[in-house]
Amino acid sequence: GATGQIGEALIFPGSENAGVRYEGVANPGTGGYSVSLWFNFNGSAQNGILAGMGNAGSASEGWTIFHENGRLIFRMSVDGGGNDLRAAVNTTIGNDSAWHHATLVIDPAVGEIFGYLDGIAATGVGLGGPPDGSYVTDVNGVANGDPLLLGVRSTGGFQFLGGLDDVGIWNEALDATAVSQIYQNGLNGISSSVPEPSAFLMSFLGLSVLLRRRR
């Protein structure tokens with residue numbers, strides 16, 4: 001693999017059928033959930049999906065992190081429901097070749113989702129379709145059983161052009177301090193280590209995909 005932020009990264013050419021698929025990765029279910037990854041655009045900033053499980057459209061159950069028209073968008077939907085059951089937050093992202101860190105947090109305790117770019121919370125709400133806010137009336141129940149997809153939408157298309165590195169998934173809603181620590185660790189070339197990882201680890205071409213749990 002190519003050089004990433006942490007070690008080796010997976011590079012996506014931005015073409016059809018170039019995504020990576022992982023079966024059996026935990027989805028949010030009824031608890032807190034967080035997804036963390038490093039990415040770069042390779043100077044292209046082409047619209048595309050970085051990572052997702054389901055959620056090919058705003059009404060489709062699941063979650064996605066994607067780039068669209070200069071915005072990094074973090075989106076989720078419950079049961080493919082109406083606008084009160086979907087949420088999105090977004091932040092501006094420039095066109096450069098630097099590695100950046102993205103984190104999506106789904107927090108059922110407050111019925112809200114959060115997005116972070118390079119450790120800073122996204123302040124834009126909505127985009128990515130009809131969702132016009134970061135709150136949903138019932139954040140529980142995202143259990144679509146879809147695979148984790150990297151670099152492509154679950155229905156095909158919207159391919160990512162660039163690199164991904166150190167993808168991690170937690171079964172809890174990380175707070176801002178934990179997100180910041182993961183980002184700072186990555187700047188120092190250290191793989192995400194908060195919370196403590198479980199023994200579950202998948203690897204593809206040097207790209208680590210980890211399921212992490214509190215013990």
# chains A, B, ... in the order shown; residues from 1 in each chain; ligands from 1

call {"tool": "residues_around", "arguments": {"residues": "range 1-15 of chain A", "least_positions_apart": "6", "cutoff": "10 Å", "atoms": "only C-alpha atoms", "output": "ChimeraX atom specification"}}
result
/A:38-42,44,46-50,98-101,150-152,157-166,185-192,204-208

call {"tool": "closest_residue", "arguments": {"among": "A:Ala56, A:Gly70, A:Ser34, A:Val125", "to": "Ala176 in chain A", "atoms": "only C-alpha atoms"}}
result
A:Ser34

call {"tool": "atom_distance", "arguments": {"atom1": "CA of Gly19 in chain A", "atom2": "CA of Arg153 in chain A"}}
result
8.3 Å

call {"tool": "select_by_dssp", "arguments": {"residues": "range 32-192 of chain A", "states": "strand (DSSP E)", "output": "MDAnalysis selection string"}}
result
chainID A and resid 33:40 48:54 62:68 71:77 86:92 100:107 112:117 120:121 124:125 148:150 161:170

call {"tool": "select_by_dssp", "arguments": {"residues": "range 146-180 of chain A", "states": "helix (DSSP H, G or I)", "output": "list in words"}}
result
Ala176, Thr177, Ala178, Val179 and Ser180 of chain A

call {"tool": "residues_around", "arguments": {"residues": "Gly32 in chain A", "least_positions_apart": "5", "cutoff": "6 Å", "atoms": "only C-alpha atoms", "output": "JSON, numbers by chain"}}
result
{"A": [106, 107, 108, 171, 172, 173]}

call {"tool": "atom_distance", "arguments": {"atom1": "CA of Ala109 in chain A", "atom2": "CA of Leu72 in chain A"}}
result
24.3 Å

call {"tool": "atom_distance", "arguments": {"atom1": "CA of Val78 in chain A", "atom2": "CA of Asp118 in chain A"}}
result
26.8 Å

call {"tool": "closest_residue", "arguments": {"among": "A:Ile182, A:Ala121, A:Ala51, A:Ile113", "to": "Leu85 in chain A", "atoms": "only C-alpha atoms"}}
result
A:Ile113

call {"tool": "residues_around", "arguments": {"residues": "range 52-54 of chain A", "least_positions_apart": "5", "cutoff": "10 Å", "atoms": "only C-alpha atoms", "output": "PyMOL selection string"}}
result
chain A and resi 21-22+25-28+35+60-66+74-77+142-155

call {"tool": "write_last_selection", "arguments": {"atoms": "C-alpha atoms", "output": "CSV table (one decimal), in the first residue's frame"}}
result
chain,number,residue,atom,x,y,z
A,21,ARG,CA,-16.3,-4.2,1.4
A,22,TYR,CA,-16.2,-5.7,5.0
A,25,VAL,CA,-18.9,-5.1,11.1
A,26,ALA,CA,-21.1,-3.8,14.0
A,27,ASN,CA,-23.7,-1.2,13.2
A,28,PRO,CA,-25.1,1.4,15.7
A,35,VAL,CA,-16.3,6.0,13.4
A,60,SER,CA,-31.9,5.0,3.6
A,61,GLU,CA,-31.1,3.5,7.0
A,62,GLY,CA,-27.5,3.6,8.1
A,63,TRP,CA,-24.7,6.2,8.2
A,64,THR,CA,-22.2,7.7,5.8
A,65,ILE,CA,-19.2,10.1,5.8
A,66,PHE,CA,-18.8,11.7,2.4
A,74,PHE,CA,-21.7,13.2,8.3
A,75,ARG,CA,-25.2,11.7,7.9
A,76,MET,CA,-27.4,9.0,9.4
A,77,SER,CA,-31.0,7.8,9.1
A,142,VAL,CA,-30.0,1.6,13.2
A,143,ALA,CA,-29.5,-2.1,12.5
A,144,ASN,CA,-29.6,-2.6,8.7
A,145,GLY,CA,-27.0,-5.5,8.6
A,146,ASP,CA,-25.3,-3.8,5.6
A,147,PRO,CA,-21.6,-4.3,5.1
A,148,LEU,CA,-19.1,-1.5,5.8
A,149,LEU,CA,-18.1,0.0,2.5
A,150,LEU,CA,-15.1,2.2,2.0
A,151,GLY,CA,-14.7,4.4,-1.1
A,152,VAL,CA,-18.0,3.8,-2.7
A,153,ARG,CA,-21.8,4.1,-2.1
A,154,SER,CA,-23.8,1.0,-1.2
A,155,THR,CA,-25.8,1.3,-4.5

call {"tool": "residues_around", "arguments": {"residues": "Gly119 in chain A", "least_positions_apart": "5", "cutoff": "9 Å", "atoms": "only C-alpha atoms", "output": "mmCIF file with N, CA, C and O atoms, in the first residue's frame"}}
result
data_model
loop_
_atom_site.group_PDB
_atom_site.id
_atom_site.type_symbol
_atom_site.label_atom_id
_atom_site.label_comp_id
_atom_site.auth_asym_id
_atom_site.auth_seq_id
_atom_site.Cartn_x
_atom_site.Cartn_y
_atom_site.Cartn_z
ATOM 1 N N HIS A 101 -8.333 14.190 9.393
ATOM 2 C CA HIS A 101 -8.980 13.211 10.266
ATOM 3 C C HIS A 101 -10.464 13.523 10.387
ATOM 4 O O HIS A 101 -10.846 14.674 10.608
ATOM 5 N N ALA A 102 -11.304 12.506 10.228
ATOM 6 C CA ALA A 102 -12.758 12.669 10.336
ATOM 7 C C ALA A 102 -13.313 11.697 11.366
ATOM 8 O O ALA A 102 -12.879 10.539 11.432
ATOM 9 N N THR A 103 -14.270 12.162 12.165
ATOM 10 C CA THR A 103 -14.942 11.310 13.148
ATOM 11 C C THR A 103 -16.436 11.581 13.127
ATOM 12 O O THR A 103 -16.863 12.738 13.219
ATOM 13 N N ALA A 176 -15.643 14.773 22.933
ATOM 14 C CA ALA A 176 -14.721 15.642 22.204
ATOM 15 C C ALA A 176 -13.270 15.423 22.638
ATOM 16 O O ALA A 176 -12.343 15.523 21.819
ATOM 17 N N THR A 177 -13.056 15.098 23.912
ATOM 18 C CA THR A 177 -11.704 14.866 24.410
ATOM 19 C C THR A 177 -11.084 13.630 23.767
ATOM 20 O O THR A 177 -9.918 13.636 23.358
ATOM 21 N N VAL A 179 -11.970 12.261 20.885
ATOM 22 C CA VAL A 179 -11.759 12.542 19.468
ATOM 23 C C VAL A 179 -10.478 13.338 19.266
ATOM 24 O O VAL A 179 -9.668 13.046 18.373
ATOM 25 N N SER A 180 -10.265 14.336 20.118
ATOM 26 C CA SER A 180 -9.061 15.162 20.022
ATOM 27 C C SER A 180 -7.805 14.334 20.262
ATOM 28 O O SER A 180 -6.793 14.503 19.573
ATOM 29 N N GLN A 181 -7.884 13.396 21.222
ATOM 30 C CA GLN A 181 -6.711 12.582 21.517
ATOM 31 C C GLN A 181 -6.381 11.654 20.353
ATOM 32 O O GLN A 181 -5.208 11.457 20.011
ATOM 33 N N ILE A 182 -7.413 11.070 19.738
ATOM 34 C CA ILE A 182 -7.193 10.216 18.567
ATOM 35 C C ILE A 182 -6.530 11.012 17.453
ATOM 36 O O ILE A 182 -5.580 10.545 16.798
ATOM 37 N N TYR A 183 -7.011 12.231 17.229
ATOM 38 C CA TYR A 183 -6.426 13.095 16.194
ATOM 39 C C TYR A 183 -4.970 13.427 16.511
ATOM 40 O O TYR A 183 -4.089 13.309 15.648
ATOM 41 N N GLN A 184 -4.697 13.828 17.748
ATOM 42 C CA GLN A 184 -3.336 14.177 18.130
ATOM 43 C C GLN A 184 -2.410 12.966 18.038
ATOM 44 O O GLN A 184 -1.245 13.088 17.610
#

call {"tool": "residues_around", "arguments": {"residues": "Arg71 in chain A", "least_positions_apart": "4", "cutoff": "7 Å", "atoms": "only C-alpha atoms", "output": "list in words"}}
result
His67, Asn90, Thr91, Thr92 and Ile93 of chain A

call {"tool": "write_last_selection", "arguments": {"atoms": "N, CA, C and O atoms", "output": "PDB file, in the first residue's frame"}}
result
ATOM      1  N   HIS A  67     -17.857  13.375   0.960  1.00  0.00           N
ATOM      2  CA  HIS A  67     -17.489  14.717   0.505  1.00  0.00           C
ATOM      3  C   HIS A  67     -18.400  15.106  -0.650  1.00  0.00           C
ATOM      4  O   HIS A  67     -18.629  14.318  -1.567  1.00  0.00           O
ATOM      5  N   ASN A  90     -22.195  19.138   8.830  1.00  0.00           N
ATOM      6  CA  ASN A  90     -21.196  19.301   7.785  1.00  0.00           C
ATOM      7  C   ASN A  90     -20.194  20.384   8.153  1.00  0.00           C
ATOM      8  O   ASN A  90     -20.449  21.223   9.024  1.00  0.00           O
ATOM      9  N   THR A  91     -19.068  20.362   7.462  1.00  0.00           N
ATOM     10  CA  THR A  91     -18.040  21.384   7.647  1.00  0.00           C
ATOM     11  C   THR A  91     -17.296  21.587   6.335  1.00  0.00           C
ATOM     12  O   THR A  91     -17.241  20.680   5.495  1.00  0.00           O
ATOM     13  N   THR A  92     -16.740  22.762   6.138  1.00  0.00           N
ATOM     14  CA  THR A  92     -15.998  23.069   4.921  1.00  0.00           C
ATOM     15  C   THR A  92     -14.678  22.312   4.897  1.00  0.00           C
ATOM     16  O   THR A  92     -14.005  22.195   5.919  1.00  0.00           O
ATOM     17  N   ILE A  93     -14.315  21.796   3.719  1.00  0.00           N
ATOM     18  CA  ILE A  93     -13.039  21.115   3.551  1.00  0.00           C
ATOM     19  C   ILE A  93     -12.384  21.621   2.272  1.00  0.00           C
ATOM     20  O   ILE A  93     -13.036  21.724   1.228  1.00  0.00           O
TER      21      ILE A  93
END
